[in-house]
Every structure is written in C-alpha cells, then in structure tokens.
Amino acid sequence: MDTKVKICGLTTPETIKAAAEAGVTYVGFNFFDKSPRYAAPELARALALDTPVGVAKVGLVVNADDALLDHLTDTVPLDMIQLHGKETPERVAEVRARYGLPVIKAIGIATAEDAKQIDIYGQVADQLLVDAKAPKDSVLPGGNGLAFDWQLINRKFWPKPWMLAGGLTPENVGLAVQMTGARQVDTASGVESAPGVKDPDLMRAFITAARQKPAPKL
Ligand SMILES: O=C(O)c1ccccc1NCC(=O)[C@H](O)[C@H](O)COP(=O)(O)O
C-alpha cells in the first residue's frame with residue numbers, strides 16, 4: 001500500500017489543488033492564530049469546499065475550548081480534528097464524543113519517556129501524530145521543521161493508526177519511512193519556500209519520495 005501523506009497548513013486553493021493532484025490523503029487547516037500557516041475559519045471553509053472528494057480535511061487546534069471548536073465545526077466541513085496542544089486523554093475523549101469526528105492526537109517526542117505517551121493516547125484517540133517535541137522557546141507547538149531521533153520509535157507497534165511528523169522533507173522522508181515503518185507521514189515546513197508558503201514542486205517531490213520503494217538488496 002502507498003504511504004499516506006498529510007500536508008499541514010495549506011492556505012490557498014492553488015496549493016490544495018496541487019496537493020490533491022499529487023495524491024495527498026489529508027490536508028490540514030491550521031487554526032492556531034500564532035502560526036504562519038493560520039487559516040481563518042471563513043478561509044478554511046472556502047478551501048474545504050474546494051477540496052476534492054476523497055481528500056480528508058483535518059482541522060488543527062491547540063488547547064481549543066468548546067466555543068472555538070463549536071465555531072470551527074459549524075463553519076468548516078471538517079472530516080477530522082487534530083489536537084496539537086497539551087490536551088489530556090480525558091479532553092481527547094470529550095472532543096471525540098462532542099463532535100462525532102475522528103480525533104488525531106499529536107505527541108511530541110524527544111526522549112524514550114515521551115514515547116510512552118503514545119500508548120496512553122492510543123487508548124482514546126483515533127489516530128496519533130508522532131512529532132518532534134517543540135523547543136521550549138518556540139511559540140509553535142508544531143511546524144518547527146525539527147526531526148526527532150527515529151530510533152526512539154523504531155519499528156514499534158501501536159494499536160492505532162499513526163503518522164510520522166517532524167522535520168520531514170523530500171530528501172529525508174524515504175529514509176524515515178524505511179527506518180520507522182510508518183505508513184503515514186505528515187509535513188508542514190518541509191514543503192515550503194518560505195514560512196507558510198507551500199511550494200507545489202516540493203509537495204509533489206515529497207509525495208513521490210514518501211512512496212518510493214527501497215532498492216532491493218543485492
Ligand atoms: O505548523 C504549524 O505552524 C503548527 C502550529 C501549531 C501547532 C501545530 C503546527 N503544525 C502541526 C503539524 O501537523 C506539522 O505538520 C507537524 O508539526 C510537522 O511540522 P514540520 O516539522 O514543519 O514538518
């Protein structure tokens with residue numbers, strides 16, 4: 001099966017079209033207003049309505065309260081919600097039940113101890129996004145273009161579908177897939193020409209590289 005790709009933080013109809021034509025599985029709309037990838041709900045609604053059928057539309061929030069999530073889910077036809085803050089397992093379960101949408105929980109990894117969170121959140125989330133832990137001084141909990149040590153999750157098995165994220169680019173995604181066995185990968189800054197500006201050529205190169213089969217050993 002081809003590796004599934006999520007591209008996070010799309011903000012224009014042109015890049016949605018290019019991503020869909022290149023074969024993306026998920027597109028992410030970023031509702032964290034400090035992000036260079038922020039999409040206001042009305043913009044995200046227009047983009048979502050323009051997204052081809054078959055591409056899943058993911059709404060990304062950071063520690064969002066019910067008022068924000070009510071507004072987002074009323075405005076934007078989302079298929080999934082990505083929780084990318086410090087949401088507890090209880091909050092993940094609450095969001096899932098309240099909105100009736102599958103929830104992706106992001107887990108930041110820097111140490112083997114962090115990787116244990118994957119088992120905990122695997123009990124309540126529909127999918128997990130295994131990302132690099134944000135540096136302490138970063139205003140962004142994700143989208144920092146940093147990779148973590150993939151050995152920390154090397155060929156681990158988790159009971160829920162998961163995506164590898166963090167510093168993935170067209171250059172390193174093939175190796176990342178090979179090393180971790182990830183069947184799904186996610187990128188934001190790795191396919192941009194400037195912060196928040198997605199580059200169609202880089203998106204195409206990323207998707208091709210993510211799906212490249214390793215050369216057989218001779
Ligand atoms: O991308 C952002 O600006 C962002 C801001 C706040 C929370 C999460 C954010 N991104 C979440 C993603 O799913 C990214 O794709 C993931 O963190 C990987 O980012 P990158 O290392 O830039 O590929």
# chains A, B, ... in the order shown; residues from 1 in each chain; ligands from 1
>>> closest_atom_pairs(of="range 129-184 of chain A", to="range 50-69 of chain A", cutoff="10 Å", atoms="only C-alpha atoms", output="CSV")
residue,atom,partner,partner_atom,distance
A:Leu140,CA,A:Val62,CA,9.5
A:Pro141,CA,A:Val62,CA,8.0
A:Gly142,CA,A:Val62,CA,9.6
>>> select_by_dssp(residues="range 5-147 of chain A", states="strand (DSSP E or B)", output="ChimeraX atom specification")
/A:5-8,26-30,38,56-61,80-83,103-109,127-132
>>> write_last_selection(atoms="C-alpha atoms", output="tab-separated table (two decimals), in the first residue's frame")
chain	number	residue	atom	x	y	z
A	5	VAL	CA	0.64	11.72	3.15
A	6	LYS	CA	-0.79	14.61	5.18
A	7	ILE	CA	0.23	18.14	4.28
A	8	CYS	CA	-0.48	20.56	7.08
A	26	TYR	CA	-5.13	14.50	4.16
A	27	VAL	CA	-4.94	18.30	4.05
A	28	GLY	CA	-4.60	20.22	7.30
A	29	PHE	CA	-6.09	23.63	8.11
A	30	ASN	CA	-4.24	25.33	10.94
A	38	TYR	CA	-3.03	30.11	10.16
A	56	ALA	CA	-9.69	14.23	4.18
A	57	LYS	CA	-9.89	17.74	5.68
A	58	VAL	CA	-8.23	17.97	9.09
A	59	GLY	CA	-8.72	20.95	11.42
A	60	LEU	CA	-5.72	21.56	13.69
A	61	VAL	CA	-6.21	23.28	17.04
A	80	MET	CA	-11.13	15.09	11.40
A	81	ILE	CA	-9.84	17.17	14.31
A	82	GLN	CA	-6.13	17.29	15.20
A	83	LEU	CA	-5.34	18.22	18.81
A	103	VAL	CA	-9.50	12.80	16.54
A	104	ILE	CA	-5.77	12.79	15.77
A	105	LYS	CA	-3.68	13.49	18.89
A	106	ALA	CA	-0.19	14.89	18.36
A	107	ILE	CA	2.52	13.57	20.68
A	108	GLY	CA	5.85	15.41	20.91
A	109	ILE	CA	8.86	13.11	21.21
A	127	GLN	CA	-5.01	8.30	15.24
A	128	LEU	CA	-1.70	9.55	16.62
A	129	LEU	CA	0.66	12.06	15.09
A	130	VAL	CA	4.15	11.28	16.34
A	131	ASP	CA	6.03	14.57	16.05
A	132	ALA	CA	9.21	16.20	17.35
>>> atom_distance(atom1="CA of Val173 in chain A", atom2="CA of Leu47 in chain A")
26.5 Å
>>> atom_distance(atom1="CA of Lys136 in chain A", atom2="CA of Tyr121 in chain A")
22.1 Å
>>> closest_residue(among="A:Ala125, A:Met203, A:Leu164, A:Ala46", to="ligand 1", atoms="only C-alpha atoms and all ligand atoms")
A:Leu164
>>> atom_distance(atom1="CA of Gly181 in chain A", atom2="CA of Lys156 in chain A")
8.4 Å
>>> residues_near_ligand(ligand="ligand 1", cutoff="6 Å", atoms="only C-alpha atoms and all ligand atoms", output="list in words")
Cys8, Gly9, Phe32, Ser35, Pro36, Arg37, His84, Asp131, Leu140, Pro141, Gly142, Gly143, Asn144, Gly145, Leu146, Ala165, Gly166, Gly167, Leu168, Asp186, Thr187, Ala188, Ser189 and Gly190 of chain A
>>> closest_residue(among="A:Thr11, A:Thr180, A:Ser138, A:Gln123", to="Met163 in chain A", atoms="only C-alpha atoms")
A:Thr180
>>> residues_around(residues="Asp2 in chain A", least_positions_apart="2", cutoff="9 Å", atoms="only C-alpha atoms", output="list of chain:residue names")
A:Lys4, A:Arg183, A:Gln184, A:Ala210, A:Arg211, A:Gln212
>>> write_last_selection(atoms="C-alpha atoms", output="PDB file, in the first residue's frame")
ATOM      1  CA  LYS A   4      -0.406   8.081   3.023  1.00  0.00           C
ATOM      2  CA  ARG A 183       2.577   4.022   6.710  1.00  0.00           C
ATOM      3  CA  GLN A 184       1.542   7.646   7.056  1.00  0.00           C
ATOM      4  CA  ALA A 210       7.346   9.054   0.582  1.00  0.00           C
ATOM      5  CA  ARG A 211       6.065   6.357  -1.785  1.00  0.00           C
ATOM      6  CA  GLN A 212       9.422   5.336  -3.266  1.00  0.00           C
TER       7      GLN A 212
END
>>> residues_around(residues="Pro170 in chain A", least_positions_apart="5", cutoff="6 Å", atoms="only C-alpha atoms", output="list in words")
Ala205, Phe206 and Ala209 of chain A
>>> closest_residue(among="A:Val185, A:Ala48, A:Met1, A:Val92", to="Pro13 in chain A", atoms="only C-alpha atoms")
A:Ala48
